[in-house]
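Source file: start12.cif. Holds: mmCIF, N, CA and C atoms.
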data_coords
loop_
_atom_site.label_atom_id
_atom_site.label_comp_id
_atom_site.auth_asym_id
_atom_site.auth_seq_id
_atom_site.Cartn_x
_atom_site.Cartn_y
_atom_site.Cartn_z
N MET L 1 -34.83 -29.16 -5.81
CA MET L 1 -34.07 -27.94 -6.04
C MET L 1 -33.64 -27.36 -4.69
N ALA L 2 -32.42 -26.86 -4.63
CA ALA L 2 -31.87 -26.30 -3.40
C ALA L 2 -32.57 -24.99 -3.04
N GLU L 3 -32.70 -24.77 -1.75
CA GLU L 3 -33.30 -23.52 -1.26
C GLU L 3 -32.39 -22.35 -1.64
N PRO L 4 -32.95 -21.24 -2.11
CA PRO L 4 -32.11 -20.09 -2.48
C PRO L 4 -31.31 -19.58 -1.28
N PHE L 5 -30.14 -19.11 -1.56
CA PHE L 5 -29.25 -18.57 -0.52
C PHE L 5 -29.35 -17.05 -0.54
N ASP L 6 -29.69 -16.47 0.60
CA ASP L 6 -29.84 -15.01 0.70
C ASP L 6 -28.50 -14.40 1.09
N LEU L 7 -27.71 -14.06 0.08
CA LEU L 7 -26.39 -13.49 0.30
C LEU L 7 -26.46 -12.19 1.08
N GLU L 8 -27.48 -11.40 0.83
CA GLU L 8 -27.60 -10.09 1.48
C GLU L 8 -27.80 -10.19 3.00
N SER L 9 -28.22 -11.32 3.50
CA SER L 9 -28.38 -11.47 4.95
C SER L 9 -27.29 -12.37 5.56
N PHE L 10 -26.30 -12.76 4.77
CA PHE L 10 -25.19 -13.60 5.24
C PHE L 10 -24.19 -12.70 5.95
N LEU L 11 -24.03 -12.89 7.26
CA LEU L 11 -23.25 -11.98 8.09
C LEU L 11 -21.83 -11.73 7.56
N PRO L 12 -21.05 -12.74 7.20
CA PRO L 12 -19.69 -12.45 6.69
C PRO L 12 -19.71 -11.54 5.45
N TYR L 13 -20.68 -11.72 4.59
CA TYR L 13 -20.78 -10.89 3.39
C TYR L 13 -21.12 -9.45 3.77
N ARG L 14 -22.09 -9.28 4.66
CA ARG L 14 -22.50 -7.94 5.08
C ARG L 14 -21.38 -7.23 5.82
N LEU L 15 -20.70 -7.94 6.72
CA LEU L 15 -19.59 -7.33 7.45
C LEU L 15 -18.51 -6.87 6.49
N ASN L 16 -18.19 -7.68 5.51
CA ASN L 16 -17.17 -7.32 4.52
C ASN L 16 -17.58 -6.08 3.74
N ARG L 17 -18.83 -6.02 3.29
CA ARG L 17 -19.30 -4.85 2.54
C ARG L 17 -19.25 -3.58 3.37
N VAL L 18 -19.72 -3.67 4.63
CA VAL L 18 -19.72 -2.50 5.50
C VAL L 18 -18.29 -2.08 5.82
N THR L 19 -17.43 -3.06 6.11
CA THR L 19 -16.04 -2.76 6.40
C THR L 19 -15.39 -2.02 5.24
N GLU L 20 -15.62 -2.51 4.05
CA GLU L 20 -15.03 -1.88 2.87
C GLU L 20 -15.56 -0.47 2.66
N ALA L 21 -16.86 -0.28 2.86
CA ALA L 21 -17.45 1.05 2.68
C ALA L 21 -16.87 2.05 3.69
N VAL L 22 -16.79 1.65 4.95
CA VAL L 22 -16.25 2.54 5.99
C VAL L 22 -14.77 2.80 5.74
N SER L 23 -14.05 1.74 5.40
CA SER L 23 -12.61 1.87 5.16
C SER L 23 -12.33 2.79 3.98
N GLN L 24 -13.08 2.65 2.90
CA GLN L 24 -12.89 3.52 1.73
C GLN L 24 -13.25 4.97 2.05
N SER L 25 -14.29 5.15 2.83
CA SER L 25 -14.70 6.50 3.22
C SER L 25 -13.61 7.18 4.04
N PHE L 26 -13.06 6.47 5.01
CA PHE L 26 -11.98 7.05 5.82
C PHE L 26 -10.71 7.22 4.99
N ALA L 27 -10.46 6.28 4.07
CA ALA L 27 -9.27 6.36 3.22
C ALA L 27 -9.24 7.65 2.41
N ARG L 28 -10.40 8.09 1.95
CA ARG L 28 -10.45 9.36 1.21
C ARG L 28 -9.90 10.50 2.07
N GLU L 29 -10.19 10.45 3.37
CA GLU L 29 -9.74 11.51 4.29
C GLU L 29 -8.21 11.52 4.41
N TYR L 30 -7.61 10.37 4.77
CA TYR L 30 -6.16 10.38 5.00
C TYR L 30 -5.38 10.39 3.69
N ARG L 31 -5.97 9.88 2.61
CA ARG L 31 -5.29 9.93 1.32
C ARG L 31 -5.18 11.38 0.85
N GLN L 32 -6.26 12.11 1.01
CA GLN L 32 -6.27 13.51 0.58
C GLN L 32 -5.30 14.35 1.41
N ARG L 33 -5.29 14.13 2.71
CA ARG L 33 -4.47 14.97 3.59
C ARG L 33 -3.02 14.53 3.66
N PHE L 34 -2.77 13.22 3.64
CA PHE L 34 -1.41 12.72 3.87
C PHE L 34 -0.83 11.93 2.70
N GLN L 35 -1.60 11.73 1.63
CA GLN L 35 -1.15 10.94 0.47
C GLN L 35 -0.65 9.56 0.90
N MET L 36 -1.39 8.92 1.77
CA MET L 36 -1.02 7.58 2.27
C MET L 36 -1.95 6.53 1.68
N THR L 37 -1.41 5.34 1.52
CA THR L 37 -2.22 4.18 1.12
C THR L 37 -2.82 3.56 2.38
N ARG L 38 -3.76 2.65 2.19
CA ARG L 38 -4.37 1.96 3.33
C ARG L 38 -3.32 1.16 4.12
N PRO L 39 -2.43 0.40 3.49
CA PRO L 39 -1.40 -0.30 4.27
C PRO L 39 -0.48 0.65 5.04
N GLU L 40 -0.16 1.80 4.45
CA GLU L 40 0.68 2.77 5.16
C GLU L 40 -0.04 3.30 6.40
N TRP L 41 -1.32 3.63 6.25
CA TRP L 41 -2.11 4.11 7.38
C TRP L 41 -2.16 3.05 8.47
N ARG L 42 -2.40 1.80 8.10
CA ARG L 42 -2.50 0.73 9.09
C ARG L 42 -1.17 0.51 9.82
N ALA L 43 -0.07 0.54 9.07
CA ALA L 43 1.24 0.37 9.70
C ALA L 43 1.55 1.53 10.63
N LEU L 44 1.29 2.75 10.18
CA LEU L 44 1.52 3.93 11.02
C LEU L 44 0.66 3.86 12.27
N ALA L 45 -0.61 3.51 12.12
CA ALA L 45 -1.52 3.43 13.26
C ALA L 45 -1.08 2.33 14.24
N ALA L 46 -0.65 1.20 13.73
CA ALA L 46 -0.19 0.12 14.61
C ALA L 46 1.03 0.55 15.41
N LEU L 47 2.01 1.11 14.73
CA LEU L 47 3.23 1.55 15.42
C LEU L 47 2.94 2.69 16.39
N GLY L 48 2.07 3.60 16.01
CA GLY L 48 1.75 4.72 16.89
C GLY L 48 1.00 4.30 18.13
N SER L 49 0.13 3.31 17.99
CA SER L 49 -0.67 2.90 19.14
C SER L 49 0.01 1.84 19.99
N VAL L 50 0.82 1.00 19.39
CA VAL L 50 1.46 -0.10 20.13
C VAL L 50 2.90 0.24 20.51
N GLY L 51 3.61 0.90 19.61
CA GLY L 51 5.02 1.18 19.84
C GLY L 51 5.88 0.29 18.97
N CYS L 52 7.04 -0.04 19.43
CA CYS L 52 7.99 -0.85 18.67
C CYS L 52 7.39 -2.21 18.32
N MET L 53 7.49 -2.57 17.04
CA MET L 53 6.95 -3.84 16.56
C MET L 53 7.85 -4.38 15.44
N THR L 54 7.70 -5.65 15.14
CA THR L 54 8.33 -6.22 13.95
C THR L 54 7.31 -6.14 12.81
N ALA L 55 7.77 -6.35 11.60
CA ALA L 55 6.86 -6.35 10.45
C ALA L 55 5.83 -7.46 10.61
N THR L 56 6.23 -8.61 11.11
CA THR L 56 5.30 -9.71 11.34
C THR L 56 4.21 -9.31 12.33
N GLU L 57 4.61 -8.61 13.38
CA GLU L 57 3.63 -8.15 14.37
C GLU L 57 2.67 -7.13 13.78
N ILE L 58 3.18 -6.24 12.93
CA ILE L 58 2.31 -5.27 12.26
C ILE L 58 1.29 -6.01 11.41
N GLY L 59 1.75 -7.00 10.66
CA GLY L 59 0.85 -7.78 9.81
C GLY L 59 -0.24 -8.47 10.62
N ALA L 60 0.14 -9.08 11.74
CA ALA L 60 -0.85 -9.76 12.58
C ALA L 60 -1.81 -8.76 13.21
N HIS L 61 -1.28 -7.65 13.67
CA HIS L 61 -2.08 -6.62 14.34
C HIS L 61 -3.11 -6.00 13.41
N SER L 62 -2.73 -5.80 12.16
CA SER L 62 -3.59 -5.10 11.21
C SER L 62 -4.15 -5.98 10.10
N SER L 63 -3.97 -7.29 10.22
CA SER L 63 -4.49 -8.25 9.23
C SER L 63 -4.04 -7.93 7.81
N MET L 64 -2.73 -7.69 7.67
CA MET L 64 -2.18 -7.40 6.35
C MET L 64 -1.20 -8.49 5.94
N HIS L 65 -1.15 -8.76 4.66
CA HIS L 65 -0.18 -9.71 4.11
C HIS L 65 1.22 -9.11 4.22
N LYS L 66 2.21 -9.97 4.35
CA LYS L 66 3.58 -9.50 4.58
C LYS L 66 4.11 -8.62 3.45
N THR L 67 3.68 -8.84 2.20
CA THR L 67 4.18 -7.97 1.12
C THR L 67 3.62 -6.55 1.26
N LYS L 68 2.36 -6.44 1.69
CA LYS L 68 1.78 -5.10 1.89
C LYS L 68 2.47 -4.41 3.07
N VAL L 69 2.75 -5.17 4.11
CA VAL L 69 3.46 -4.60 5.26
C VAL L 69 4.83 -4.10 4.82
N SER L 70 5.54 -4.92 4.06
CA SER L 70 6.88 -4.57 3.61
C SER L 70 6.87 -3.27 2.80
N ARG L 71 5.92 -3.14 1.87
CA ARG L 71 5.82 -1.92 1.06
C ARG L 71 5.46 -0.71 1.92
N ALA L 72 4.55 -0.92 2.86
CA ALA L 72 4.13 0.19 3.73
C ALA L 72 5.29 0.65 4.61
N VAL L 73 6.03 -0.31 5.16
CA VAL L 73 7.18 0.02 6.01
C VAL L 73 8.20 0.80 5.20
N ARG L 74 8.46 0.36 4.00
CA ARG L 74 9.42 1.05 3.14
C ARG L 74 8.96 2.49 2.84
N ALA L 75 7.68 2.65 2.54
CA ALA L 75 7.15 3.98 2.24
C ALA L 75 7.25 4.90 3.46
N LEU L 76 6.95 4.37 4.64
CA LEU L 76 7.07 5.19 5.86
C LEU L 76 8.52 5.52 6.15
N GLU L 77 9.41 4.61 5.83
CA GLU L 77 10.84 4.86 6.01
C GLU L 77 11.32 5.96 5.06
N VAL L 78 10.87 5.93 3.82
CA VAL L 78 11.24 6.96 2.84
C VAL L 78 10.78 8.33 3.31
N ARG L 79 9.63 8.40 3.96
CA ARG L 79 9.12 9.67 4.50
C ARG L 79 9.86 10.08 5.78
N ARG L 80 10.71 9.21 6.26
CA ARG L 80 11.43 9.42 7.52
C ARG L 80 10.50 9.41 8.73
N TRP L 81 9.43 8.60 8.62
CA TRP L 81 8.47 8.45 9.71
C TRP L 81 8.76 7.19 10.52
N LEU L 82 9.67 6.37 10.04
CA LEU L 82 9.93 5.08 10.66
C LEU L 82 11.42 4.80 10.63
N LYS L 83 11.90 4.14 11.68
CA LYS L 83 13.30 3.70 11.68
C LYS L 83 13.34 2.22 12.02
N ARG L 84 14.37 1.57 11.51
CA ARG L 84 14.57 0.14 11.74
C ARG L 84 15.73 -0.05 12.71
N ARG L 85 15.57 -1.03 13.58
CA ARG L 85 16.65 -1.38 14.50
C ARG L 85 16.81 -2.90 14.43
N PRO L 86 18.02 -3.39 14.10
CA PRO L 86 18.20 -4.84 13.99
C PRO L 86 18.07 -5.52 15.35
N ASN L 87 17.59 -6.74 15.31
CA ASN L 87 17.52 -7.58 16.50
C ASN L 87 18.87 -8.27 16.62
N GLU L 88 19.58 -7.99 17.68
CA GLU L 88 20.92 -8.55 17.85
C GLU L 88 20.90 -10.07 17.96
N ALA L 89 19.83 -10.64 18.50
CA ALA L 89 19.74 -12.09 18.67
C ALA L 89 19.36 -12.81 17.38
N ASP L 90 18.66 -12.11 16.48
CA ASP L 90 18.20 -12.74 15.24
C ASP L 90 18.23 -11.68 14.14
N ARG L 91 19.24 -11.72 13.28
CA ARG L 91 19.44 -10.71 12.24
C ARG L 91 18.33 -10.71 11.18
N ARG L 92 17.49 -11.74 11.16
CA ARG L 92 16.39 -11.77 10.20
C ARG L 92 15.24 -10.86 10.62
N VAL L 93 15.26 -10.44 11.87
CA VAL L 93 14.17 -9.64 12.43
C VAL L 93 14.65 -8.21 12.68
N GLU L 94 13.78 -7.26 12.34
CA GLU L 94 14.06 -5.85 12.63
C GLU L 94 12.95 -5.30 13.50
N HIS L 95 13.33 -4.47 14.44
CA HIS L 95 12.35 -3.76 15.25
C HIS L 95 12.07 -2.43 14.56
N LEU L 96 10.81 -2.12 14.42
CA LEU L 96 10.39 -0.92 13.72
C LEU L 96 9.75 0.03 14.72
N GLU L 97 10.11 1.29 14.63
CA GLU L 97 9.49 2.28 15.50
C GLU L 97 9.39 3.61 14.77
N LEU L 98 8.46 4.43 15.21
CA LEU L 98 8.28 5.72 14.60
C LEU L 98 9.37 6.69 15.03
N THR L 99 9.73 7.56 14.12
CA THR L 99 10.65 8.65 14.42
C THR L 99 9.82 9.79 15.04
N PRO L 100 10.46 10.84 15.53
CA PRO L 100 9.67 11.98 16.01
C PRO L 100 8.72 12.53 14.93
N GLN L 101 9.18 12.58 13.67
CA GLN L 101 8.29 13.02 12.57
C GLN L 101 7.14 12.03 12.38
N GLY L 102 7.44 10.74 12.57
CA GLY L 102 6.42 9.70 12.45
C GLY L 102 5.36 9.83 13.54
N TYR L 103 5.80 10.13 14.77
CA TYR L 103 4.84 10.33 15.85
C TYR L 103 3.98 11.57 15.60
N LYS L 104 4.57 12.59 15.02
CA LYS L 104 3.81 13.80 14.70
C LYS L 104 2.73 13.44 13.67
N ALA L 105 3.12 12.71 12.63
CA ALA L 105 2.15 12.28 11.61
C ALA L 105 1.08 11.38 12.24
N TYR L 106 1.50 10.48 13.12
CA TYR L 106 0.54 9.60 13.79
C TYR L 106 -0.49 10.41 14.58
N ARG L 107 -0.03 11.41 15.33
CA ARG L 107 -0.96 12.23 16.12
C ARG L 107 -1.94 12.96 15.20
N GLU L 108 -1.46 13.45 14.07
CA GLU L 108 -2.34 14.14 13.13
C GLU L 108 -3.35 13.18 12.52
N VAL L 109 -2.90 11.98 12.17
CA VAL L 109 -3.81 10.97 11.61
C VAL L 109 -4.80 10.52 12.68
N ALA L 110 -4.34 10.38 13.92
CA ALA L 110 -5.25 9.99 15.01
C ALA L 110 -6.31 11.06 15.23
N ASP L 111 -5.93 12.32 15.13
CA ASP L 111 -6.91 13.41 15.23
C ASP L 111 -7.93 13.32 14.10
N LEU L 112 -7.46 13.02 12.90
CA LEU L 112 -8.34 12.86 11.75
C LEU L 112 -9.29 11.68 11.98
N ALA L 113 -8.76 10.58 12.54
CA ALA L 113 -9.58 9.40 12.82
C ALA L 113 -10.65 9.71 13.88
N ARG L 114 -10.26 10.45 14.91
CA ARG L 114 -11.24 10.82 15.94
C ARG L 114 -12.35 11.70 15.35
N ALA L 115 -11.98 12.63 14.49
CA ALA L 115 -12.98 13.49 13.84
C ALA L 115 -13.88 12.67 12.92
N TYR L 116 -13.30 11.72 12.21
CA TYR L 116 -14.08 10.84 11.34
C TYR L 116 -15.09 10.04 12.16
N GLN L 117 -14.61 9.47 13.27
CA GLN L 117 -15.49 8.67 14.13
C GLN L 117 -16.61 9.54 14.71
N ALA L 118 -16.29 10.76 15.13
CA ALA L 118 -17.31 11.66 15.67
C ALA L 118 -18.36 11.99 14.60
N ASN L 119 -17.92 12.20 13.38
CA ASN L 119 -18.84 12.47 12.29
C ASN L 119 -19.71 11.25 12.00
N LEU L 120 -19.11 10.08 12.01
CA LEU L 120 -19.86 8.84 11.81
C LEU L 120 -20.88 8.65 12.92
N ASP L 121 -20.49 8.98 14.14
CA ASP L 121 -21.39 8.88 15.29
C ASP L 121 -22.61 9.79 15.09
N ARG L 122 -22.36 11.02 14.63
CA ARG L 122 -23.47 11.95 14.36
C ARG L 122 -24.36 11.42 13.23
N LEU L 123 -23.74 10.89 12.20
CA LEU L 123 -24.48 10.37 11.05
C LEU L 123 -25.37 9.20 11.44
N LEU L 124 -24.85 8.30 12.28
CA LEU L 124 -25.60 7.10 12.65
C LEU L 124 -26.61 7.34 13.76
N GLY L 125 -26.38 8.35 14.57
CA GLY L 125 -27.32 8.66 15.65
C GLY L 125 -26.82 8.14 16.99
N ALA L 126 -27.44 8.66 18.02
CA ALA L 126 -27.03 8.38 19.40
C ALA L 126 -26.99 6.88 19.69
N GLY L 127 -25.86 6.44 20.21
CA GLY L 127 -25.71 5.06 20.68
C GLY L 127 -25.45 4.02 19.61
N ALA L 128 -25.48 4.39 18.34
CA ALA L 128 -25.33 3.40 17.27
C ALA L 128 -23.95 2.74 17.29
N ILE L 129 -22.90 3.54 17.44
CA ILE L 129 -21.55 2.97 17.43
C ILE L 129 -21.37 2.03 18.62
N GLU L 130 -21.90 2.41 19.78
CA GLU L 130 -21.79 1.55 20.95
C GLU L 130 -22.51 0.22 20.72
N ARG L 131 -23.68 0.26 20.07
CA ARG L 131 -24.41 -0.99 19.78
C ARG L 131 -23.64 -1.84 18.78
N ILE L 132 -23.07 -1.20 17.77
CA ILE L 132 -22.27 -1.94 16.79
C ILE L 132 -21.08 -2.58 17.47
N GLU L 133 -20.37 -1.81 18.31
CA GLU L 133 -19.21 -2.35 19.02
C GLU L 133 -19.61 -3.51 19.93
N ALA L 134 -20.74 -3.40 20.60
CA ALA L 134 -21.21 -4.50 21.46
C ALA L 134 -21.49 -5.75 20.64
N GLY L 135 -22.13 -5.58 19.49
CA GLY L 135 -22.41 -6.73 18.63
C GLY L 135 -21.14 -7.36 18.09
N LEU L 136 -20.19 -6.53 17.69
CA LEU L 136 -18.92 -7.05 17.20
C LEU L 136 -18.17 -7.79 18.31
N SER L 137 -18.24 -7.27 19.52
CA SER L 137 -17.59 -7.94 20.66
C SER L 137 -18.21 -9.31 20.89
N GLU L 138 -19.52 -9.42 20.76
CA GLU L 138 -20.19 -10.71 20.91
C GLU L 138 -19.71 -11.70 19.85
N VAL L 139 -19.62 -11.24 18.62
CA VAL L 139 -19.15 -12.11 17.54
C VAL L 139 -17.72 -12.56 17.82
N GLU L 140 -16.85 -11.62 18.21
CA GLU L 140 -15.46 -11.96 18.52
C GLU L 140 -15.38 -12.97 19.66
N ARG L 141 -16.13 -12.73 20.73
CA ARG L 141 -16.10 -13.66 21.87
C ARG L 141 -16.56 -15.05 21.45
N ALA L 142 -17.63 -15.12 20.68
CA ALA L 142 -18.16 -16.42 20.25
C ALA L 142 -17.16 -17.16 19.38
N LEU L 143 -16.51 -16.44 18.47
CA LEU L 143 -15.54 -17.10 17.58
C LEU L 143 -14.28 -17.51 18.32
N VAL L 144 -13.81 -16.67 19.23
CA VAL L 144 -12.62 -17.01 20.01
C VAL L 144 -12.91 -18.21 20.91
N ASN L 145 -14.07 -18.20 21.58
CA ASN L 145 -14.44 -19.32 22.45
C ASN L 145 -14.58 -20.61 21.67
N ARG L 146 -15.16 -20.52 20.48
CA ARG L 146 -15.33 -21.70 19.64
C ARG L 146 -13.98 -22.26 19.19
N GLN L 147 -13.06 -21.36 18.84
CA GLN L 147 -11.74 -21.80 18.38
C GLN L 147 -10.94 -22.43 19.51
N GLN L 148 -11.16 -21.96 20.75
CA GLN L 148 -10.41 -22.48 21.89
C GLN L 148 -10.97 -23.79 22.39
N ALA L 149 -12.23 -24.11 22.06
CA ALA L 149 -12.86 -25.33 22.56
C ALA L 149 -12.36 -26.56 21.85
#
Take the structure in this file and express it as structure tokens.
Amino acid sequence: MAEPFDLESFLPYRLNRVTEAVSQSFAREYRQRFQMTRPEWRALAALGSVGCMTATEIGAHSSMHKTKVSRAVRALEVRRWLKRRPNEADRRVEHLELTPQGYKAYREVADLARAYQANLDRLLGAGAIERIEAGLSEVERALVNRQQA
């Protein structure tokens, strides 16, 4: 008989559960205040922090499927938070950037995110977020190094 598998100690499973719990907790904050979906928040955050991007770049930056990116971009455009600029060299590609209203919304959402992180820091206790970030950095380095080898 095969040895039992302890799913609760399997790192990918635990990371996914924690990620979802934190993401849902923060989503309640921005959904209540801004009536945004998770893909909209991710697209707004990517554009606000990086600047001009294509939809493909937003998807890669925020690990979203292209259909979710497309819907989020459209929703931000309807709010007049985003504008599209065609790529003269390749008409299939559009450059996306925030409008002044979009940057205002981004700054407000960023303030909300900073407050959320500060609250999480208090909840977890001194140094916890730094230890989590260090551990995540180790995992990222190990996986990137392994993929490059």
Point (8.2, 6.6, 13.8), cut-off 9 Å, counting only C-alpha atoms, residues as a PDB file with N, CA and C atoms, in the frame of the given file:
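The resulting file, point_23.pdb, is shown below:
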ATOM      1  N   LEU L  44       1.290   2.750  10.180  1.00  0.00           N
ATOM      2  CA  LEU L  44       1.520   3.930  11.020  1.00  0.00           C
ATOM      3  C   LEU L  44       0.660   3.860  12.270  1.00  0.00           C
ATOM      4  N   LEU L  47       2.010   1.110  14.730  1.00  0.00           N
ATOM      5  CA  LEU L  47       3.230   1.550  15.420  1.00  0.00           C
ATOM      6  C   LEU L  47       2.940   2.690  16.390  1.00  0.00           C
ATOM      7  N   GLY L  48       2.070   3.600  16.010  1.00  0.00           N
ATOM      8  CA  GLY L  48       1.750   4.720  16.890  1.00  0.00           C
ATOM      9  C   GLY L  48       1.000   4.300  18.130  1.00  0.00           C
ATOM     10  N   GLY L  51       3.610   0.900  19.610  1.00  0.00           N
ATOM     11  CA  GLY L  51       5.020   1.180  19.840  1.00  0.00           C
ATOM     12  C   GLY L  51       5.880   0.290  18.970  1.00  0.00           C
ATOM     13  N   CYS L  52       7.040  -0.040  19.430  1.00  0.00           N
ATOM     14  CA  CYS L  52       7.990  -0.850  18.670  1.00  0.00           C
ATOM     15  C   CYS L  52       7.390  -2.210  18.320  1.00  0.00           C
ATOM     16  N   LEU L  76       6.950   4.370   4.640  1.00  0.00           N
ATOM     17  CA  LEU L  76       7.070   5.190   5.860  1.00  0.00           C
ATOM     18  C   LEU L  76       8.520   5.520   6.150  1.00  0.00           C
ATOM     19  N   GLU L  77       9.410   4.610   5.830  1.00  0.00           N
ATOM     20  CA  GLU L  77      10.840   4.860   6.010  1.00  0.00           C
ATOM     21  C   GLU L  77      11.320   5.960   5.060  1.00  0.00           C
ATOM     22  N   ARG L  80      10.710   9.210   6.260  1.00  0.00           N
ATOM     23  CA  ARG L  80      11.430   9.420   7.520  1.00  0.00           C
ATOM     24  C   ARG L  80      10.500   9.410   8.730  1.00  0.00           C
ATOM     25  N   TRP L  81       9.430   8.600   8.620  1.00  0.00           N
ATOM     26  CA  TRP L  81       8.470   8.450   9.710  1.00  0.00           C
ATOM     27  C   TRP L  81       8.760   7.190  10.520  1.00  0.00           C
ATOM     28  N   LEU L  82       9.670   6.370  10.040  1.00  0.00           N
ATOM     29  CA  LEU L  82       9.930   5.080  10.660  1.00  0.00           C
ATOM     30  C   LEU L  82      11.420   4.800  10.630  1.00  0.00           C
ATOM     31  N   LYS L  83      11.900   4.140  11.680  1.00  0.00           N
ATOM     32  CA  LYS L  83      13.300   3.700  11.680  1.00  0.00           C
ATOM     33  C   LYS L  83      13.340   2.220  12.020  1.00  0.00           C
ATOM     34  N   LEU L  96      10.810  -2.120  14.420  1.00  0.00           N
ATOM     35  CA  LEU L  96      10.390  -0.920  13.720  1.00  0.00           C
ATOM     36  C   LEU L  96       9.750   0.030  14.720  1.00  0.00           C
ATOM     37  N   GLU L  97      10.110   1.290  14.630  1.00  0.00           N
ATOM     38  CA  GLU L  97       9.490   2.280  15.500  1.00  0.00           C
ATOM     39  C   GLU L  97       9.390   3.610  14.770  1.00  0.00           C
ATOM     40  N   LEU L  98       8.460   4.430  15.210  1.00  0.00           N
ATOM     41  CA  LEU L  98       8.280   5.720  14.600  1.00  0.00           C
ATOM     42  C   LEU L  98       9.370   6.690  15.030  1.00  0.00           C
ATOM     43  N   THR L  99       9.730   7.560  14.120  1.00  0.00           N
ATOM     44  CA  THR L  99      10.650   8.650  14.420  1.00  0.00           C
ATOM     45  C   THR L  99       9.820   9.790  15.040  1.00  0.00           C
ATOM     46  N   PRO L 100      10.460  10.840  15.530  1.00  0.00           N
ATOM     47  CA  PRO L 100       9.670  11.980  16.010  1.00  0.00           C
ATOM     48  C   PRO L 100       8.720  12.530  14.930  1.00  0.00           C
ATOM     49  N   GLN L 101       9.180  12.580  13.670  1.00  0.00           N
ATOM     50  CA  GLN L 101       8.290  13.020  12.570  1.00  0.00           C
ATOM     51  C   GLN L 101       7.140  12.030  12.380  1.00  0.00           C
ATOM     52  N   GLY L 102       7.440  10.740  12.570  1.00  0.00           N
ATOM     53  CA  GLY L 102       6.420   9.700  12.450  1.00  0.00           C
ATOM     54  C   GLY L 102       5.360   9.830  13.540  1.00  0.00           C
ATOM     55  N   TYR L 103       5.800  10.130  14.770  1.00  0.00           N
ATOM     56  CA  TYR L 103       4.840  10.330  15.850  1.00  0.00           C
ATOM     57  C   TYR L 103       3.980  11.570  15.600  1.00  0.00           C
ATOM     58  N   LYS L 104       4.570  12.590  15.020  1.00  0.00           N
ATOM     59  CA  LYS L 104       3.810  13.800  14.700  1.00  0.00           C
ATOM     60  C   LYS L 104       2.730  13.440  13.670  1.00  0.00           C
ATOM     61  N   ALA L 105       3.120  12.710  12.630  1.00  0.00           N
ATOM     62  CA  ALA L 105       2.150  12.280  11.610  1.00  0.00           C
ATOM     63  C   ALA L 105       1.080  11.380  12.240  1.00  0.00           C
ATOM     64  N   TYR L 106       1.500  10.480  13.120  1.00  0.00           N
ATOM     65  CA  TYR L 106       0.540   9.600  13.790  1.00  0.00           C
ATOM     66  C   TYR L 106      -0.490  10.410  14.580  1.00  0.00           C
TER      67      TYR L 106
END
(request) Tell me which protein, DNA and RNA residues are within 10 Å of stretch 14-29 of chain L, counting only C-alpha atoms, leaving out same-chain ones fewer than 4 positions away, and put them as an NGL selection string. (result) :L and (7-10 or 33-38 or 41 or 109 or 112-113 or 116-117 or 120 or 136)
(request) Name all residues at most 7 Å from stretch 71-75 of chain L (count only C-alpha atoms; drop same-chain ones fewer than 5 positions away) and give them as number ranges by chain. (result) L: 39-40, 43
Output the selection as a PDB file, keeping the file's coordinate frame - N, CA and C atoms for each residue.
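Listing of selection-v1.pdb after writing:
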ATOM      1  N   PRO L  39      -2.430   0.400   3.490  1.00  0.00           N
ATOM      2  CA  PRO L  39      -1.400  -0.300   4.270  1.00  0.00           C
ATOM      3  C   PRO L  39      -0.480   0.650   5.040  1.00  0.00           C
ATOM      4  N   GLU L  40      -0.160   1.800   4.450  1.00  0.00           N
ATOM      5  CA  GLU L  40       0.680   2.770   5.160  1.00  0.00           C
ATOM      6  C   GLU L  40      -0.040   3.300   6.400  1.00  0.00           C
ATOM      7  N   ALA L  43      -0.070   0.540   9.070  1.00  0.00           N
ATOM      8  CA  ALA L  43       1.240   0.370   9.700  1.00  0.00           C
ATOM      9  C   ALA L  43       1.550   1.530  10.630  1.00  0.00           C
TER      10      ALA L  43
END
(request) Give me, please, the distance in Å between atom CA of L:Ser49 and atom C of L:Tyr13, quoted to one decimal. (result) 28.4 Å
(request) One decimal, Å: what's the distance from atom CA of L:Arg79 over to atom CA of L:Ala110, could you say? (result)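 Atom CA of L:Ala110 lies 17.8 Å from atom CA of L:Arg79.
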